[in-house]
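Raw final22.txt, compact mmCIF, C-alpha atoms:
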```txt
# COMPACT_ATOMS: atom_id res chain seq x y z
CA MET O 1 85.79 91.71 112.51
CA SER O 2 84.63 94.43 110.18
CA ALA O 3 81.83 93.59 107.76
CA ASP O 4 83.21 96.02 105.16
CA VAL O 5 84.54 93.38 102.77
CA GLY O 6 86.02 94.80 99.58
CA PRO O 7 86.70 93.04 96.29
CA ALA O 8 90.47 93.22 96.77
CA HIS O 9 90.33 91.20 99.99
CA VAL O 10 92.83 93.27 101.91
CA VAL O 11 93.11 92.27 105.56
CA LEU O 12 94.52 94.57 108.22
CA ALA O 13 96.13 92.47 110.97
CA SER O 14 95.32 95.06 113.60
CA SER O 15 92.48 96.57 115.60
CA SER O 16 94.13 100.02 115.54
CA GLU O 17 91.44 102.63 115.03
CA ALA O 18 94.00 105.08 113.64
CA ARG O 19 95.21 102.66 110.96
CA GLN O 20 91.66 101.68 110.05
CA ALA O 21 90.68 105.33 109.72
CA MET O 22 93.66 106.09 107.48
CA LEU O 23 92.82 103.23 105.13
CA ARG O 24 89.13 104.14 104.98
CA ARG O 25 89.85 107.80 104.28
CA ALA O 26 92.22 106.75 101.50
CA GLY O 27 89.48 104.67 99.88
CA VAL O 28 90.92 101.21 100.60
CA SER O 29 88.37 98.43 101.10
CA PHE O 30 89.49 95.96 103.77
CA VAL O 31 88.55 93.78 106.69
CA TYR O 32 90.44 93.69 109.95
CA ASP O 33 91.54 90.57 111.78
CA PRO O 34 93.79 91.42 114.74
CA ALA O 35 96.88 89.27 115.25
CA ALA O 36 97.34 88.10 118.82
CA ILE O 37 101.10 87.66 119.09
CA ASP O 38 103.50 87.88 122.02
CA GLU O 39 105.10 91.20 121.11
CA ASP O 40 107.42 91.16 124.11
CA ALA O 41 108.84 87.81 123.00
CA VAL O 42 109.53 89.16 119.50
CA ARG O 43 111.22 92.24 120.95
CA LEU O 44 113.40 90.13 123.24
CA GLN O 45 114.43 87.91 120.34
CA ALA O 46 115.30 90.95 118.27
CA GLU O 47 117.29 92.47 121.12
CA ALA O 48 119.21 89.22 121.62
CA ALA O 49 120.02 89.19 117.90
CA GLY O 50 121.28 92.78 118.04
CA MET O 51 118.63 94.05 115.65
CA SER O 52 118.08 97.77 115.14
CA VAL O 53 114.88 99.49 116.22
CA ALA O 54 113.72 99.68 112.60
CA ALA O 55 114.44 95.98 112.03
CA THR O 56 112.58 95.10 115.23
CA ALA O 57 109.53 97.09 114.17
CA LEU O 58 109.64 95.32 110.81
CA ALA O 59 109.92 91.93 112.51
CA LEU O 60 106.87 92.69 114.64
CA ALA O 61 104.87 93.83 111.61
CA GLU O 62 105.87 90.66 109.74
CA ALA O 63 104.95 88.41 112.66
CA LYS O 64 101.49 89.97 112.80
CA ALA O 65 100.97 89.66 109.05
CA ARG O 66 102.13 86.03 108.94
CA THR O 67 99.93 85.06 111.88
CA VAL O 68 96.82 86.36 110.14
CA ALA O 69 97.89 85.17 106.68
CA ALA O 70 97.88 81.61 108.03
CA ARG O 71 94.11 81.88 108.37
CA GLN O 72 93.49 84.29 105.46
CA ALA O 73 95.19 82.34 102.68
CA ASP O 74 93.81 84.27 99.71
CA ALA O 75 94.29 87.75 101.13
CA LEU O 76 96.86 90.50 101.09
CA VAL O 77 97.49 90.73 104.82
CA LEU O 78 98.86 94.02 106.14
CA GLY O 79 100.79 93.92 109.39
CA ALA O 80 102.09 97.08 111.03
CA ASP O 81 104.01 98.14 114.10
CA GLN O 82 105.35 101.33 115.60
CA MET O 83 108.26 101.84 117.98
CA LEU O 84 109.55 104.90 119.80
CA SER O 85 113.24 105.39 120.52
CA CYS O 86 114.84 108.15 122.57
CA ARG O 87 118.51 108.24 123.59
CA GLY O 88 118.90 104.50 123.17
CA ARG O 89 115.77 103.61 125.13
CA ILE O 90 112.79 101.85 123.56
CA PHE O 91 109.37 102.92 124.80
CA THR O 92 106.23 100.76 124.74
CA LYS O 93 102.59 101.65 125.38
CA PRO O 94 102.09 102.61 129.04
CA ASP O 95 99.99 100.31 131.21
CA ASP O 96 98.47 103.09 133.29
CA LEU O 97 98.50 106.87 133.79
CA ASP O 98 101.48 106.70 136.15
CA ALA O 99 103.50 105.01 133.41
CA ALA O 100 102.15 107.54 130.89
CA GLU O 101 103.38 110.39 133.08
CA ALA O 102 106.80 108.74 133.36
CA THR O 103 107.01 108.45 129.57
CA LEU O 104 106.16 112.11 129.03
CA ARG O 105 108.69 113.19 131.64
CA ALA O 106 111.36 111.11 129.90
CA LEU O 107 110.54 112.62 126.49
CA ARG O 108 110.03 116.22 127.64
CA GLY O 109 112.51 118.63 126.10
CA ARG O 110 114.03 115.92 123.90
CA THR O 111 113.83 114.68 120.32
CA HIS O 112 112.70 111.12 119.76
CA ARG O 113 112.28 108.85 116.75
CA LEU O 114 108.96 107.28 115.85
CA ILE O 115 109.46 104.29 113.55
CA SER O 116 106.47 102.89 111.62
CA ALA O 117 106.86 99.58 109.79
CA ALA O 118 104.42 97.79 107.51
CA VAL O 119 104.54 94.39 105.82
CA ILE O 120 102.19 92.67 103.38
CA VAL O 121 102.08 88.88 103.26
CA ARG O 122 100.23 86.83 100.66
CA GLY O 123 100.08 83.15 101.58
CA LYS O 124 103.55 82.43 102.95
CA ALA O 125 105.37 85.12 100.97
CA MET O 126 106.19 88.63 102.13
CA VAL O 127 105.41 90.66 99.01
CA TRP O 128 106.00 94.21 100.30
CA SER O 129 107.55 96.01 103.25
CA ARG O 130 108.39 99.55 104.27
CA VAL O 131 109.85 101.39 107.27
CA GLU O 132 109.50 105.14 107.74
CA THR O 133 110.86 107.35 110.52
CA ALA O 134 109.61 110.65 111.94
CA ARG O 135 111.48 112.83 114.42
CA LEU O 136 109.51 114.72 117.01
CA THR O 137 110.73 117.21 119.60
CA MET O 138 108.73 117.71 122.77
CA ARG O 139 108.84 121.18 124.26
CA SER O 140 109.82 121.73 127.88
CA PHE O 141 106.25 121.92 129.15
CA SER O 142 105.44 122.56 132.79
CA ASP O 143 104.33 119.97 135.32
CA ALA O 144 101.01 121.80 135.49
CA PHE O 145 100.49 121.31 131.75
CA LEU O 146 101.55 117.67 132.02
CA HIS O 147 98.97 116.94 134.71
CA GLN O 148 96.25 118.86 132.88
CA TYR O 149 97.02 117.04 129.62
CA LEU O 150 96.81 113.60 131.23
CA ALA O 151 93.62 114.52 133.08
CA GLU O 152 91.96 115.65 129.86
CA THR O 153 93.17 112.80 127.64
CA ALA O 154 92.81 110.08 130.30
CA ALA O 155 92.62 106.57 128.81
CA GLY O 156 93.15 107.90 125.30
CA ALA O 157 96.75 108.64 126.24
CA LEU O 158 97.36 104.95 126.86
CA SER O 159 96.64 103.93 123.26
CA SER O 160 99.81 105.56 121.91
CA VAL O 161 103.38 104.48 122.53
CA GLY O 162 104.34 108.12 123.04
CA VAL O 163 101.22 109.02 125.06
CA TYR O 164 100.04 111.47 122.44
CA ARG O 165 97.76 111.85 119.45
CA VAL O 166 99.04 114.62 117.22
CA GLU O 167 95.62 114.85 115.57
CA GLY O 168 94.23 116.06 118.91
CA ALA O 169 95.45 117.80 122.06
CA GLY O 170 98.72 115.86 121.87
CA ILE O 171 99.98 118.37 119.28
CA GLN O 172 100.45 120.83 122.16
CA LEU O 173 103.29 118.70 123.51
CA PHE O 174 105.59 119.52 120.61
CA SER O 175 107.88 122.30 119.47
CA ASP O 176 108.95 120.61 116.22
CA ILE O 177 107.86 117.67 114.07
CA ASP O 178 109.85 116.34 111.11
CA GLY O 179 108.13 113.51 109.28
CA ASP O 180 105.10 112.36 107.35
CA HIS O 181 101.82 112.64 109.24
CA SER O 182 100.73 109.09 108.43
CA THR O 183 104.05 107.73 109.71
CA ILE O 184 103.36 109.45 113.02
CA LEU O 185 99.88 107.89 113.09
CA GLY O 186 101.39 104.44 112.60
CA LEU O 187 101.39 103.56 108.90
CA PRO O 188 103.66 104.55 105.95
CA LEU O 189 100.55 105.31 103.93
CA LEU O 190 101.85 106.83 100.68
CA PRO O 191 104.21 103.92 99.86
CA LEU O 192 101.43 101.51 100.80
CA LEU O 193 98.98 103.17 98.43
CA ALA O 194 101.59 102.99 95.67
CA PHE O 195 101.83 99.23 96.22
CA PHE O 196 98.05 98.87 96.11
CA ARG O 197 98.00 100.75 92.81
CA SER O 198 100.67 98.45 91.39
CA GLU O 199 98.51 95.47 92.39
CA GLY O 200 95.39 96.92 90.78
CA ILE O 201 93.66 97.32 94.14
CA LEU O 202 93.47 101.08 93.64
CA PRO O 203 93.17 102.87 90.27
CA GLN O 204 96.33 104.14 88.57
```
Kindly return the structure encoded in the file as structure tokens.
Amino acid sequence: MSADVGPAHVVLASSSEARQAMLRRAGVSFVYDPAAIDEDAVRLQAEAAGMSVAATALALAEAKARTVAARQADALVLGADQMLSCRGRIFTKPDDLDAAEATLRALRGRTHRLISAAVIVRGKAMVWSRVETARLTMRSFSDAFLHQYLAETAAGALSSVGVYRVEGAGIQLFSDIDGDHSTILGLPLLPLLAFFRSEGILPQ
């Protein structure tokens, strides 16, 4: 857990380096306490209930926030999740480079949706939530580029549901991006900062 404890006692229920970096750059003091939940079980429940992709991402974010809030009673606990949807298929983080290659082949030349959800829980109450969507179009890159990209990014490619980091070499995969940059990185940051200002955590 981070030792950077701020006076507002905001807790990020995630070990995501990208989300931590966004909050730090924005000037938010927080600690992080990753939530260990069975994400596959939540997804299966959501699928059985006929929930949309956005609702499923929100359910996952809420489950993470509530898990950590149970042990961080006095905190504002921020849970977040990101899902990728393309032509009715939901993509999850690849387990290995073979799976990463399969994901990129499936997305190549197509537009997909990247849904980022965030929830804040205080005690047992959900006090804020937001879902934002970005649309990204991958260009029809060659197999040679695909293999070079995976060789250069290696394990870093496995940390993203779409096998890319737009803040790095992953930007070369795309021909068009429509959406807020922070949403693509995994957090609807501007609405979140507005909530923190309303709570007096950040200055007006």
Residues near Cys86 in chain O, anyone? I mean within 6 Å using only C-alpha atoms, not counting same-chain ones fewer than 2 positions away, as a PyMOL selection string. chain O and resi 88-89+112
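Each of O:Leu189, O:Ala194, O:Ala73, O:Leu60 was checked against Arg25 in chain O using all atoms listed in the file; the smallest atom-to-atom distance is that of O:Leu189.
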Around (100.5, 89.7, 107.6), as given in the file, which residues come within 6 Å? Count all atoms listed in the file and list them as a PyMOL selection string. chain O and resi 62+64-66+68-69+77-79+120-121
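Nearest to Glu17 in chain O of all the residues O:Ile201, O:Leu44, O:Met51, O:Leu185 is O:Leu185, counting all atoms listed in the file.
The coordinates place CA of Phe145 in chain O at 9.6 Å from CA of Gln172 in chain O.
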I'd like the neighbourhood of Arg24 in chain O as an mmCIF file with C-alpha atoms, keeping the file's coordinate frame, where a residue qualifies if any of its atoms comes within 12 Å (using all atoms listed in the file), though same-chain residues fewer than 2 positions away should be ignored.
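Produced file out16.cif, reproduced below:
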```cif
data_model
loop_
_atom_site.group_PDB
_atom_site.id
_atom_site.type_symbol
_atom_site.label_atom_id
_atom_site.label_comp_id
_atom_site.auth_asym_id
_atom_site.auth_seq_id
_atom_site.Cartn_x
_atom_site.Cartn_y
_atom_site.Cartn_z
ATOM 1 C CA SER O 2 84.630 94.430 110.180
ATOM 2 C CA ASP O 4 83.210 96.020 105.160
ATOM 3 C CA VAL O 5 84.540 93.380 102.770
ATOM 4 C CA GLY O 6 86.020 94.800 99.580
ATOM 5 C CA VAL O 10 92.830 93.270 101.910
ATOM 6 C CA LEU O 12 94.520 94.570 108.220
ATOM 7 C CA GLU O 17 91.440 102.630 115.030
ATOM 8 C CA ALA O 18 94.000 105.080 113.640
ATOM 9 C CA ARG O 19 95.210 102.660 110.960
ATOM 10 C CA GLN O 20 91.660 101.680 110.050
ATOM 11 C CA ALA O 21 90.680 105.330 109.720
ATOM 12 C CA MET O 22 93.660 106.090 107.480
ATOM 13 C CA ALA O 26 92.220 106.750 101.500
ATOM 14 C CA GLY O 27 89.480 104.670 99.880
ATOM 15 C CA VAL O 28 90.920 101.210 100.600
ATOM 16 C CA SER O 29 88.370 98.430 101.100
ATOM 17 C CA PHE O 30 89.490 95.960 103.770
ATOM 18 C CA VAL O 31 88.550 93.780 106.690
ATOM 19 C CA TYR O 32 90.440 93.690 109.950
ATOM 20 C CA LEU O 189 100.550 105.310 103.930
ATOM 21 C CA LEU O 193 98.980 103.170 98.430
#
```
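Minimum atom-to-atom distances from O:Ala61, O:Met126, O:Ala118, O:Val161 to Ser85 in chain O were compared using only C-alpha atoms, and the lowest value belongs to O:Val161.
Proximity of O:Pro94, O:Gly168, O:Gly162, O:Gly50 to Leu136 in chain O, computed with only C-alpha atoms, is greatest for O:Gly162.
Note that CA of Tyr164 in chain O and CA of His147 in chain O are 13.5 Å apart.
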Write out as a tab-separated table the residues of range 132-168 of chain O that have any atom within 12 Å of an atom of range 101-106 of chain O, one row each with the nearest atom pair and its distance in Å to one decimal, counting only C-alpha atoms, sorted by chain and then rising number.
```
residue	atom	partner	partner_atom	distance
O:Thr137	CA	O:Leu104	CA	11.7
O:Met138	CA	O:Leu104	CA	8.8
O:Arg139	CA	O:Leu104	CA	10.6
O:Ser140	CA	O:Arg105	CA	9.4
O:Phe141	CA	O:Arg105	CA	9.4
O:Ser142	CA	O:Arg105	CA	10.0
O:Asp143	CA	O:Arg105	CA	8.9
O:Ala144	CA	O:Glu101	CA	11.9
O:Phe145	CA	O:Leu104	CA	11.1
O:Leu146	CA	O:Glu101	CA	7.6
O:His147	CA	O:Glu101	CA	8.1
O:Gln148	CA	O:Glu101	CA	11.1
O:Tyr149	CA	O:Glu101	CA	9.8
O:Leu150	CA	O:Glu101	CA	7.5
O:Ala151	CA	O:Glu101	CA	10.6
O:Thr153	CA	O:Glu101	CA	11.8
O:Ala154	CA	O:Glu101	CA	10.9
O:Ala157	CA	O:Glu101	CA	9.7
O:Leu158	CA	O:Glu101	CA	10.2
O:Ser160	CA	O:Thr103	CA	10.9
O:Val161	CA	O:Thr103	CA	8.9
O:Gly162	CA	O:Thr103	CA	7.1
O:Val163	CA	O:Leu104	CA	7.1
O:Tyr164	CA	O:Leu104	CA	9.0
```
Atomic separation - CA of Arg130 in chain O relative to CA of Thr67 in chain O, Å: 18.4 Å
